[in-house]
>>> print(open('my_file-v1.cif').read())   # mmCIF, C-alpha atoms, pLDDT in the B column; chains and numbers go by the auth columns
data_my_file
#
loop_
_atom_site.group_PDB
_atom_site.id
_atom_site.type_symbol
_atom_site.label_atom_id
_atom_site.label_comp_id
_atom_site.label_asym_id
_atom_site.label_seq_id
_atom_site.Cartn_x
_atom_site.Cartn_y
_atom_site.Cartn_z
_atom_site.B_iso_or_equiv
_atom_site.auth_seq_id
_atom_site.auth_asym_id
ATOM 1 C CA MET A 1 35.709 -89.182 52.365 65.00 1 A
ATOM 2 C CA ARG A 2 38.391 -87.979 54.723 76.00 2 A
ATOM 3 C CA SER A 3 39.932 -90.085 57.386 86.00 3 A
ATOM 4 C CA PRO A 4 39.505 -89.061 61.046 86.00 4 A
ATOM 5 C CA VAL A 5 43.228 -88.215 61.313 88.00 5 A
ATOM 6 C CA HIS A 6 42.976 -85.915 58.320 88.00 6 A
ATOM 7 C CA THR A 7 39.918 -84.202 59.795 90.00 7 A
ATOM 8 C CA ILE A 8 41.619 -83.751 63.190 92.00 8 A
ATOM 9 C CA ALA A 9 44.723 -82.282 61.499 91.00 9 A
ATOM 10 C CA ILE A 10 42.619 -79.787 59.547 91.00 10 A
ATOM 11 C CA PHE A 11 40.645 -78.876 62.668 92.00 11 A
ATOM 12 C CA CYS A 12 43.810 -78.294 64.730 91.00 12 A
ATOM 13 C CA THR A 13 45.357 -76.213 61.946 92.00 13 A
ATOM 14 C CA VAL A 14 42.244 -74.041 61.674 93.00 14 A
ATOM 15 C CA ILE A 15 42.152 -73.572 65.461 93.00 15 A
ATOM 16 C CA TRP A 16 45.864 -72.653 65.533 89.00 16 A
ATOM 17 C CA MET A 17 45.469 -70.178 62.629 90.00 17 A
ATOM 18 C CA GLY A 18 42.412 -68.645 64.286 91.00 18 A
ATOM 19 C CA ALA A 19 44.242 -68.226 67.589 90.00 19 A
ATOM 20 C CA PHE A 20 47.250 -66.705 65.803 87.00 20 A
ATOM 21 C CA VAL A 21 45.107 -64.198 63.903 89.00 21 A
ATOM 22 C CA LEU A 22 43.125 -63.349 67.041 91.00 22 A
ATOM 23 C CA ASN A 23 46.381 -62.781 68.950 88.00 23 A
ATOM 24 C CA ARG A 24 47.660 -60.455 66.198 88.00 24 A
ATOM 25 C CA LEU A 25 44.368 -58.533 66.205 92.00 25 A
ATOM 26 C CA VAL A 26 44.510 -58.056 69.983 92.00 26 A
ATOM 27 C CA LEU A 27 48.121 -56.873 69.703 91.00 27 A
ATOM 28 C CA PHE A 28 47.140 -54.510 66.885 93.00 28 A
ATOM 29 C CA ARG A 29 44.265 -53.065 68.933 94.00 29 A
ATOM 30 C CA GLN A 30 46.494 -52.444 71.967 94.00 30 A
ATOM 31 C CA SER A 31 49.255 -50.917 69.841 93.00 31 A
ATOM 32 C CA TRP A 32 46.755 -48.774 67.967 94.00 32 A
ATOM 33 C CA GLU A 33 45.389 -47.316 71.206 95.00 33 A
ATOM 34 C CA GLU A 34 48.901 -46.552 72.495 94.00 34 A
ATOM 35 C CA GLU A 35 49.996 -45.042 69.196 93.00 35 A
ATOM 36 C CA THR A 36 46.827 -42.926 69.000 94.00 36 A
ATOM 37 C CA VAL A 37 47.643 -41.378 72.377 95.00 37 A
ATOM 38 C CA ARG A 38 51.242 -40.812 71.241 93.00 38 A
ATOM 39 C CA TRP A 39 50.085 -39.281 67.942 93.00 39 A
ATOM 40 C CA ASN A 40 47.660 -36.928 69.743 93.00 40 A
ATOM 41 C CA ASN A 41 50.443 -35.862 72.133 92.00 41 A
ATOM 42 C CA ASP A 42 52.807 -35.179 69.234 92.00 42 A
ATOM 43 C CA ASN A 43 50.142 -33.132 67.453 92.00 43 A
ATOM 44 C CA PHE A 44 49.519 -31.148 70.635 91.00 44 A
ATOM 45 C CA VAL A 45 53.223 -30.421 71.059 89.00 45 A
ATOM 46 C CA THR A 46 53.578 -29.448 67.410 89.00 46 A
ATOM 47 C CA ASN A 47 50.468 -27.283 67.153 89.00 47 A
ATOM 48 C CA GLU A 48 50.196 -25.769 70.627 87.00 48 A
ATOM 49 C CA ILE A 49 53.566 -25.694 72.364 85.00 49 A
ATOM 50 C CA CYS A 50 55.994 -25.250 69.470 85.00 50 A
ATOM 51 C CA LEU A 51 53.957 -22.437 67.909 87.00 51 A
ATOM 52 C CA ASN A 52 53.678 -20.516 71.198 84.00 52 A
ATOM 53 C CA THR A 53 56.885 -18.598 71.903 82.00 53 A
ATOM 54 C CA THR A 54 56.307 -18.458 75.659 83.00 54 A
ATOM 55 C CA LEU A 55 55.740 -22.197 76.013 82.00 55 A
ATOM 56 C CA ARG A 56 58.577 -22.944 73.627 79.00 56 A
ATOM 57 C CA ALA A 57 60.934 -20.829 75.761 81.00 57 A
ATOM 58 C CA ASN A 58 59.956 -22.912 78.822 80.00 58 A
ATOM 59 C CA LEU A 59 61.262 -26.057 77.046 79.00 59 A
ATOM 60 C CA GLY A 60 64.797 -24.742 77.321 80.00 60 A
ATOM 61 C CA GLN A 61 67.653 -25.316 74.916 82.00 61 A
ATOM 62 C CA ASP A 62 66.264 -28.645 73.617 81.00 62 A
ATOM 63 C CA TYR A 63 63.093 -27.081 72.219 82.00 63 A
ATOM 64 C CA GLU A 64 64.348 -27.525 68.627 84.00 64 A
ATOM 65 C CA HIS A 65 64.893 -31.258 69.109 86.00 65 A
ATOM 66 C CA ILE A 66 61.583 -31.719 70.928 87.00 66 A
ATOM 67 C CA CYS A 67 59.602 -29.752 68.328 87.00 67 A
ATOM 68 C CA HIS A 68 61.341 -31.466 65.423 88.00 68 A
ATOM 69 C CA LYS A 69 60.780 -34.948 66.879 90.00 69 A
ATOM 70 C CA ALA A 70 57.112 -34.167 67.550 89.00 70 A
ATOM 71 C CA ALA A 71 56.655 -32.794 64.027 90.00 71 A
ATOM 72 C CA VAL A 72 58.234 -35.870 62.458 91.00 72 A
ATOM 73 C CA ASP A 73 56.317 -38.298 64.690 89.00 73 A
ATOM 74 C CA SER A 74 52.995 -36.564 64.050 90.00 74 A
ATOM 75 C CA LYS A 75 53.335 -37.206 60.297 91.00 75 A
ATOM 76 C CA VAL A 76 53.164 -40.984 60.777 89.00 76 A
ATOM 77 C CA GLY A 77 49.667 -42.214 61.552 90.00 77 A
ATOM 78 C CA PRO A 78 48.854 -44.540 64.435 92.00 78 A
ATOM 79 C CA VAL A 79 47.684 -47.315 62.094 93.00 79 A
ATOM 80 C CA TRP A 80 51.120 -47.563 60.473 92.00 80 A
ATOM 81 C CA ARG A 81 52.900 -47.562 63.811 92.00 81 A
ATOM 82 C CA ALA A 82 50.553 -50.244 65.161 92.00 82 A
ATOM 83 C CA THR A 83 51.141 -52.353 62.047 91.00 83 A
ATOM 84 C CA HIS A 84 54.888 -51.981 62.529 90.00 84 A
ATOM 85 C CA THR A 85 54.531 -53.062 66.168 89.00 85 A
ATOM 86 C CA VAL A 86 52.561 -56.166 65.157 89.00 86 A
ATOM 87 C CA LEU A 87 55.124 -57.077 62.490 85.00 87 A
ATOM 88 C CA SER A 88 58.033 -56.531 64.857 85.00 88 A
ATOM 89 C CA HIS A 89 56.431 -58.868 67.430 84.00 89 A
ATOM 90 C CA THR A 90 55.585 -61.577 64.887 82.00 90 A
ATOM 91 C CA HIS A 91 58.251 -64.259 64.565 77.00 91 A
ATOM 92 C CA LEU A 92 57.263 -66.537 61.681 74.00 92 A
ATOM 93 C CA CYS A 93 60.756 -67.699 60.819 65.00 93 A
ATOM 94 C CA GLY A 94 62.349 -68.412 64.177 66.00 94 A
ATOM 95 C CA ASP A 95 63.856 -65.747 66.395 71.00 95 A
ATOM 96 C CA THR A 96 63.946 -63.010 63.749 73.00 96 A
ATOM 97 C CA PRO A 97 61.003 -60.588 63.646 77.00 97 A
ATOM 98 C CA CYS A 98 59.246 -60.051 60.327 72.00 98 A
ATOM 99 C CA THR A 99 60.306 -56.401 60.157 74.00 99 A
ATOM 100 C CA VAL A 100 63.980 -57.384 60.271 77.00 100 A
ATOM 101 C CA LEU A 101 63.412 -59.901 57.456 73.00 101 A
ATOM 102 C CA ILE A 102 61.608 -57.286 55.358 72.00 102 A
ATOM 103 C CA ASP A 103 64.339 -54.697 55.990 74.00 103 A
ATOM 104 C CA HIS A 104 67.049 -57.231 55.131 74.00 104 A
ATOM 105 C CA PHE A 105 65.271 -58.167 51.891 71.00 105 A
ATOM 106 C CA LEU A 106 64.885 -54.519 50.900 72.00 106 A
ATOM 107 C CA ASP A 107 68.539 -53.837 51.724 74.00 107 A
ATOM 108 C CA THR A 108 69.648 -56.609 49.369 74.00 108 A
ATOM 109 C CA LEU A 109 67.858 -54.959 46.470 70.00 109 A
ATOM 110 C CA SER A 110 70.230 -52.597 44.775 60.00 110 A
ATOM 111 C CA ARG A 111 69.241 -49.469 42.937 57.00 111 A
ATOM 112 C CA SER A 112 69.854 -51.123 39.600 64.00 112 A
ATOM 113 C CA MET A 113 67.514 -53.963 40.466 75.00 113 A
ATOM 114 C CA ALA A 114 64.850 -51.517 41.620 71.00 114 A
ATOM 115 C CA TRP A 115 65.208 -49.557 38.385 71.00 115 A
ATOM 116 C CA THR A 116 65.051 -52.762 36.351 81.00 116 A
ATOM 117 C CA LEU A 117 61.827 -53.775 38.083 82.00 117 A
ATOM 118 C CA ALA A 118 60.385 -50.298 37.573 80.00 118 A
ATOM 119 C CA VAL A 119 61.215 -50.329 33.843 85.00 119 A
ATOM 120 C CA LEU A 120 59.798 -53.836 33.400 90.00 120 A
ATOM 121 C CA THR A 121 56.620 -52.799 35.178 91.00 121 A
ATOM 122 C CA ALA A 122 56.299 -49.712 32.981 91.00 122 A
ATOM 123 C CA VAL A 123 56.831 -51.750 29.803 93.00 123 A
ATOM 124 C CA LEU A 124 54.260 -54.337 30.875 93.00 124 A
ATOM 125 C CA LEU A 125 51.746 -51.601 31.671 92.00 125 A
ATOM 126 C CA LEU A 126 52.380 -50.034 28.274 91.00 126 A
ATOM 127 C CA ILE A 127 51.821 -53.381 26.541 89.00 127 A
ATOM 128 C CA ILE A 128 48.599 -53.910 28.475 89.00 128 A
ATOM 129 C CA ILE A 129 47.330 -50.405 27.685 87.00 129 A
ATOM 130 C CA VAL A 130 48.146 -50.755 23.982 84.00 130 A
ATOM 131 C CA GLY A 131 46.534 -54.204 23.925 81.00 131 A
ATOM 132 C CA VAL A 132 43.373 -52.899 25.543 80.00 132 A
ATOM 133 C CA TRP A 133 43.302 -49.916 23.204 75.00 133 A
ATOM 134 C CA PHE A 134 43.654 -52.066 20.094 74.00 134 A
ATOM 135 C CA GLY A 135 41.266 -54.625 21.520 70.00 135 A
ATOM 136 C CA THR A 136 38.501 -52.063 21.864 64.00 136 A
ATOM 137 C CA ARG A 137 39.041 -50.576 18.412 61.00 137 A
ATOM 138 C CA ARG A 138 37.720 -52.477 15.453 57.00 138 A
ATOM 139 C CA CYS A 139 40.054 -52.855 12.527 54.00 139 A
ATOM 140 C CA THR A 140 38.365 -51.616 9.364 56.00 140 A
ATOM 141 C CA ILE A 141 39.954 -53.788 6.698 58.00 141 A
ATOM 142 C CA PRO A 142 38.075 -53.553 3.422 54.00 142 A
ATOM 143 C CA THR A 143 36.660 -56.940 2.529 57.00 143 A
ATOM 144 C CA THR A 144 35.346 -58.072 -0.801 58.00 144 A
ATOM 145 C CA LYS A 145 32.103 -59.966 -0.817 60.00 145 A
ATOM 146 C CA TYR A 146 32.076 -62.963 -3.094 58.00 146 A
ATOM 147 C CA ASP A 147 29.046 -64.324 -4.822 59.00 147 A
ATOM 148 C CA LEU A 148 29.418 -67.966 -3.876 61.00 148 A
ATOM 149 C CA GLU A 149 26.540 -69.196 -6.037 63.00 149 A
ATOM 150 C CA HIS A 150 27.956 -67.554 -9.156 60.00 150 A
ATOM 151 C CA THR A 151 31.439 -68.945 -8.387 61.00 151 A
ATOM 152 C CA ARG A 152 30.034 -72.461 -7.941 61.00 152 A
ATOM 153 C CA LEU A 153 28.121 -72.245 -11.205 60.00 153 A
ATOM 154 C CA SER A 154 31.202 -70.946 -13.024 60.00 154 A
ATOM 155 C CA ILE A 155 33.241 -73.889 -11.782 62.00 155 A
ATOM 156 C CA GLU A 156 30.577 -76.401 -12.791 61.00 156 A
ATOM 157 C CA GLU A 157 30.169 -74.890 -16.266 62.00 157 A
ATOM 158 C CA GLY A 158 33.910 -74.980 -16.901 57.00 158 A
ATOM 159 C CA SER A 159 34.416 -71.283 -17.154 53.00 159 A
ATOM 160 C CA PRO A 160 37.684 -70.503 -18.941 51.00 160 A
ATOM 161 C CA THR A 161 38.714 -68.049 -16.234 51.00 161 A
ATOM 162 C CA VAL A 162 38.538 -70.575 -13.431 47.00 162 A
ATOM 163 C CA TYR A 163 41.328 -73.107 -12.800 47.00 163 A
ATOM 164 C CA ASN A 164 43.121 -72.477 -16.112 47.00 164 A
ATOM 165 C CA ASN A 165 40.392 -74.032 -18.249 49.00 165 A
ATOM 166 C CA ALA A 166 40.296 -77.203 -16.188 52.00 166 A
ATOM 167 C CA PRO A 167 37.299 -79.398 -16.950 54.00 167 A
ATOM 168 C CA PRO A 168 34.598 -79.275 -14.302 55.00 168 A
ATOM 169 C CA THR A 169 34.504 -82.082 -11.830 59.00 169 A
ATOM 170 C CA PRO A 170 31.193 -83.841 -11.589 59.00 170 A
ATOM 171 C CA ARG A 171 29.482 -83.272 -8.272 61.00 171 A
ATOM 172 C CA LYS A 172 27.688 -85.981 -6.508 61.00 172 A
ATOM 173 C CA LYS A 173 24.482 -84.908 -4.910 61.00 173 A
ATOM 174 C CA SER A 174 24.767 -85.274 -1.214 58.00 174 A
ATOM 175 C CA THR A 175 22.095 -86.475 1.057 59.00 175 A
ATOM 176 C CA LYS A 176 21.370 -85.163 4.481 58.00 176 A
ATOM 177 C CA TYR A 177 23.000 -88.092 6.389 58.00 177 A
ATOM 178 C CA GLU A 178 26.266 -88.597 4.526 51.00 178 A
#
>>> encode(input="my_file-v1.cif", output="structure tokens")
Amino acid sequence: MRSPVHTIAIFCTVIWMGAFVLNRLVLFRQSWEEETVRWNNDNFVTNEICLNTTLRANLGQDYEHICHKAAVDSKVGPVWRATHTVLSHTHLCGDTPCTVLIDHFLDTLSRSMAWTLAVLTAVLLLIIIVGVWFGTRRCTIPTTKYDLEHTRLSIEEGSPTVYNNAPPTPRKKSTKYE
């Protein structure tokens, strides 16, 4: 049985975690709505304005930069941008946002380490695939069936081919409960 202090600590932790998750979900929903509007605007600029020569001429000299930026931004979906917004506003380890920590961790990985991890992953996958393949196949090793009754009788009779002509050992009849 738990003590009342233990129960109160668990209750407060669950309430705090629930409030944190709810806060992140609200932030995600707001960011998702904003990024959806932005994504629709970028698609409109890319598909309608940049493809129309008259409208593109009205943009002036910066039409290449505007069209390129809209084309690049329209390739990233609103869900990914909203997730990035949530991660950049989540500070689990002090004043540093999670996205900065993730970027810093990825920057510390060198190419050689990434290649090493990729090779190790490939080797492990190969071992697993080979293991599954051999596990599903039955090995067909030829086995010889022995006649146990004939072998037992040969040993008891003192057959010259068994145990280099050793005399048979007397067998004691066993009972069921020995």
>>> atom_distance(input="my_file-v1.cif", atom1="atom CA of A:Ser74", atom2="atom CA of A:Trp39")
5.6 Å
>>> residues_near_point(input="my_file-v1.cif", point="(51.7, -53.2, 64.6)", cutoff="10 Å", atoms="all atoms listed in the file", output="mmCIF file with C-alpha atoms, in the coordinates of the input")
data_model
loop_
_atom_site.group_PDB
_atom_site.id
_atom_site.type_symbol
_atom_site.label_atom_id
_atom_site.label_comp_id
_atom_site.auth_asym_id
_atom_site.auth_seq_id
_atom_site.Cartn_x
_atom_site.Cartn_y
_atom_site.Cartn_z
ATOM 1 C CA ARG A 24 47.660 -60.455 66.198
ATOM 2 C CA LEU A 25 44.368 -58.533 66.205
ATOM 3 C CA LEU A 27 48.121 -56.873 69.703
ATOM 4 C CA PHE A 28 47.140 -54.510 66.885
ATOM 5 C CA ARG A 29 44.265 -53.065 68.933
ATOM 6 C CA GLN A 30 46.494 -52.444 71.967
ATOM 7 C CA SER A 31 49.255 -50.917 69.841
ATOM 8 C CA TRP A 32 46.755 -48.774 67.967
ATOM 9 C CA GLU A 35 49.996 -45.042 69.196
ATOM 10 C CA PRO A 78 48.854 -44.540 64.435
ATOM 11 C CA VAL A 79 47.684 -47.315 62.094
ATOM 12 C CA TRP A 80 51.120 -47.563 60.473
ATOM 13 C CA ARG A 81 52.900 -47.562 63.811
ATOM 14 C CA ALA A 82 50.553 -50.244 65.161
ATOM 15 C CA THR A 83 51.141 -52.353 62.047
ATOM 16 C CA HIS A 84 54.888 -51.981 62.529
ATOM 17 C CA THR A 85 54.531 -53.062 66.168
ATOM 18 C CA VAL A 86 52.561 -56.166 65.157
ATOM 19 C CA LEU A 87 55.124 -57.077 62.490
ATOM 20 C CA SER A 88 58.033 -56.531 64.857
ATOM 21 C CA HIS A 89 56.431 -58.868 67.430
ATOM 22 C CA THR A 90 55.585 -61.577 64.887
#
>>> residues_around(input="my_file-v1.cif", residues="A:Asp42", least_positions_apart="3", cutoff="12 Å", atoms="all atoms listed in the file", output="list in words")
Glu35, Thr36, Val37, Arg38, Trp39, Val45, Thr46, Asn47, Glu48, Ile49, Cys50, Ile66, Cys67, His68, Lys69, Ala70, Ala71, Val72, Asp73, Ser74, Lys75, Val76, Gly77 and Pro78 of chain A
